[in-house]
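All remarks here apply to the structure that follows.
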Amino acid sequence: MAEQTTAIEALRQSLKLEQRGHKFYLDAAARTTDQRGQEMFRSLADDELKHLQAVQRQLEALTAGKTWVTIGTTPTKPLDLDQALLPPDKETLEKTISANASDIEALHFALEFENDAYNLYRKAAQETTDPAGKAMYEWLTQQELDHFNLLMLNYEHLSSSGHWLGLQA
């Protein structure tokens, strides 16, 4: 029963995080003038909405006293759940500001957001004993890792060249 309560609380945190991410990415797309940046932020907003729906299904099932819902998706590559994302070099992230400060700041915030989501999901994956719950958290962890990598490539490219890579990264 304690694991069920812990799982429900983690899912509630996940729900808030995904809602916040969805809103942030929509706002960032609206503020970004570069088409590649807009497309990337809209794509990330769509992904966050999918994550939100998956988390909502799990939360509804568990709060109704049912078991985890199998999502039918697993990470495409093995995950090291002990590996943190930041800092790859957090000081560099904080120091790199160019003439495109608003876009850079949005990417910086997005990187921190994805890092927080990644850490929440990898911790939940480590603590969840139910195979369906573990699979869902591992899938979410992989999704956040993919988002982080895309954002980092755009961050580095925009910082050094002044141009977005977008989804082509």
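Every chain in the structure tokens has a letter given in the order shown (A, B, ...), and although residue numbers restart at 1 in each chain, ligands are simply numbered from 1 in the order shown.
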
**Q.** Spatial neighbours of region 42-55 of chain A, max dist 6 Å, only C-alpha atoms, sep filter under 3 positions, as a ChimeraX atom specification
**A.** /A:15,18,22,25-26,29,39,58

Q. Near Ala132 (chain A), within 9 Å and counting only C-alpha atoms, which residues show up once chain neighbours fewer than 6 positions away are dropped, as number ranges by chain?
A. A: 67-72

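Compared by their closest atoms to Asp130 (chain A), and using only C-alpha atoms, the residues A:Leu153, A:Leu111, A:Ala7, A:Met40 rank with A:Ala7 nearest.
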
Q: Once DSSP has gone over the backbone, tell me which residues of region 42-78 of chain A are in helix (DSSP H, G or I), as a VMD selection string.
A: chain A and resid 42 to 63

Output the selection as a PDB file, in the first residue's frame - N, CA and C atoms for each residue.
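The result, written out as result-v3.pdb:
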ATOM      1  N   ARG A  42       7.347  23.585 -30.683  1.00  0.00           N
ATOM      2  CA  ARG A  42       6.000  23.010 -30.856  1.00  0.00           C
ATOM      3  C   ARG A  42       6.044  21.485 -30.795  1.00  0.00           C
ATOM      4  N   SER A  43       7.069  20.900 -31.381  1.00  0.00           N
ATOM      5  CA  SER A  43       7.217  19.442 -31.331  1.00  0.00           C
ATOM      6  C   SER A  43       7.411  18.964 -29.891  1.00  0.00           C
ATOM      7  N   LEU A  44       8.222  19.692 -29.132  1.00  0.00           N
ATOM      8  CA  LEU A  44       8.421  19.341 -27.725  1.00  0.00           C
ATOM      9  C   LEU A  44       7.120  19.512 -26.937  1.00  0.00           C
ATOM     10  N   ALA A  45       6.331  20.538 -27.257  1.00  0.00           N
ATOM     11  CA  ALA A  45       5.029  20.720 -26.599  1.00  0.00           C
ATOM     12  C   ALA A  45       4.115  19.534 -26.901  1.00  0.00           C
ATOM     13  N   ASP A  46       4.126  19.067 -28.145  1.00  0.00           N
ATOM     14  CA  ASP A  46       3.322  17.891 -28.510  1.00  0.00           C
ATOM     15  C   ASP A  46       3.772  16.659 -27.724  1.00  0.00           C
ATOM     16  N   ASP A  47       5.084  16.494 -27.593  1.00  0.00           N
ATOM     17  CA  ASP A  47       5.612  15.360 -26.820  1.00  0.00           C
ATOM     18  C   ASP A  47       5.176  15.453 -25.363  1.00  0.00           C
ATOM     19  N   GLU A  48       5.251  16.647 -24.798  1.00  0.00           N
ATOM     20  CA  GLU A  48       4.853  16.813 -23.395  1.00  0.00           C
ATOM     21  C   GLU A  48       3.376  16.481 -23.210  1.00  0.00           C
ATOM     22  N   LEU A  49       2.557  16.799 -24.200  1.00  0.00           N
ATOM     23  CA  LEU A  49       1.137  16.462 -24.143  1.00  0.00           C
ATOM     24  C   LEU A  49       0.946  14.940 -24.145  1.00  0.00           C
ATOM     25  N   LYS A  50       1.725  14.226 -24.949  1.00  0.00           N
ATOM     26  CA  LYS A  50       1.669  12.758 -24.959  1.00  0.00           C
ATOM     27  C   LYS A  50       2.095  12.202 -23.602  1.00  0.00           C
ATOM     28  N   HIS A  51       3.137  12.774 -23.039  1.00  0.00           N
ATOM     29  CA  HIS A  51       3.594  12.337 -21.712  1.00  0.00           C
ATOM     30  C   HIS A  51       2.503  12.604 -20.683  1.00  0.00           C
ATOM     31  N   LEU A  52       1.906  13.768 -20.762  1.00  0.00           N
ATOM     32  CA  LEU A  52       0.832  14.155 -19.848  1.00  0.00           C
ATOM     33  C   LEU A  52      -0.321  13.145 -19.908  1.00  0.00           C
ATOM     34  N   GLN A  53      -0.694  12.747 -21.103  1.00  0.00           N
ATOM     35  CA  GLN A  53      -1.784  11.785 -21.270  1.00  0.00           C
ATOM     36  C   GLN A  53      -1.417  10.416 -20.693  1.00  0.00           C
ATOM     37  N   ALA A  54      -0.177   9.990 -20.913  1.00  0.00           N
ATOM     38  CA  ALA A  54       0.273   8.703 -20.372  1.00  0.00           C
ATOM     39  C   ALA A  54       0.279   8.731 -18.848  1.00  0.00           C
ATOM     40  N   VAL A  55       0.768   9.816 -18.269  1.00  0.00           N
ATOM     41  CA  VAL A  55       0.802   9.951 -16.809  1.00  0.00           C
ATOM     42  C   VAL A  55      -0.622   9.998 -16.257  1.00  0.00           C
ATOM     43  N   GLN A  56      -1.502  10.724 -16.938  1.00  0.00           N
ATOM     44  CA  GLN A  56      -2.898  10.838 -16.492  1.00  0.00           C
ATOM     45  C   GLN A  56      -3.574   9.463 -16.463  1.00  0.00           C
ATOM     46  N   ARG A  57      -3.335   8.648 -17.507  1.00  0.00           N
ATOM     47  CA  ARG A  57      -3.915   7.288 -17.537  1.00  0.00           C
ATOM     48  C   ARG A  57      -3.426   6.472 -16.341  1.00  0.00           C
ATOM     49  N   GLN A  58      -2.132   6.568 -16.043  1.00  0.00           N
ATOM     50  CA  GLN A  58      -1.587   5.823 -14.906  1.00  0.00           C
ATOM     51  C   GLN A  58      -2.197   6.305 -13.599  1.00  0.00           C
ATOM     52  N   LEU A  59      -2.271   7.614 -13.440  1.00  0.00           N
ATOM     53  CA  LEU A  59      -2.810   8.190 -12.215  1.00  0.00           C
ATOM     54  C   LEU A  59      -4.265   7.772 -12.016  1.00  0.00           C
ATOM     55  N   GLU A  60      -5.055   7.830 -13.062  1.00  0.00           N
ATOM     56  CA  GLU A  60      -6.457   7.419 -12.968  1.00  0.00           C
ATOM     57  C   GLU A  60      -6.575   5.951 -12.577  1.00  0.00           C
ATOM     58  N   ALA A  61      -5.733   5.108 -13.160  1.00  0.00           N
ATOM     59  CA  ALA A  61      -5.775   3.678 -12.840  1.00  0.00           C
ATOM     60  C   ALA A  61      -5.399   3.428 -11.386  1.00  0.00           C
ATOM     61  N   LEU A  62      -4.308   4.004 -10.943  1.00  0.00           N
ATOM     62  CA  LEU A  62      -3.840   3.747  -9.582  1.00  0.00           C
ATOM     63  C   LEU A  62      -4.762   4.351  -8.522  1.00  0.00           C
ATOM     64  N   THR A  63      -5.301   5.544  -8.777  1.00  0.00           N
ATOM     65  CA  THR A  63      -6.208   6.143  -7.784  1.00  0.00           C
ATOM     66  C   THR A  63      -7.532   5.396  -7.722  1.00  0.00           C
TER      67      THR A  63
END

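Proximity ranking of A:Gln19, A:Ser14, A:Asn149, A:Thr128 relative to Ala2 (chain A) places A:Thr128 first, based on only C-alpha atoms.
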
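Note that the spacing between CA of Ser160 (chain A) and CA of Gln142 (chain A) amounts to 27.1 Å.
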
Q | All residues 10 Å or closer to His163 (chain A), only C-alpha atoms, same chain fewer than 3 positions away omitted, as a PyMOL selection string | A | chain A and resi 34+36-37+100+154-160+166

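Minimum distance to Lys16 (chain A) across A:Asp80, A:Leu120, A:Leu107, A:Arg31 (counting only C-alpha atoms) occurs at A:Leu120.
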
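When CA of Gly162 (chain A) is paired with CA of Thr141 (chain A), their separation reads 29.8 Å.
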
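In this model, the gap between CA of Ala10 (chain A) and CA of Trp139 (chain A) comes to 15.2 Å.
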
Q) From the list A:Gly21, A:Thr6, A:Met152, A:Leu167, which residue is nearest Ala117 (chain A) when using only C-alpha atoms? A) A:Gly21

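Ranking A:Gln13, A:Asp27, A:His108, A:Arg122 by their shortest atom-to-atom distance to Ala135 (chain A), with only C-alpha atoms included, puts A:Arg122 first.
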
Q: Name the closest residue to Leu145 (chain A) among the candidates A:Trp164, A:Pro131, A:Glu114, A:Phe109; distances are taken between atoms, counting only C-alpha atoms.
A: A:Glu114
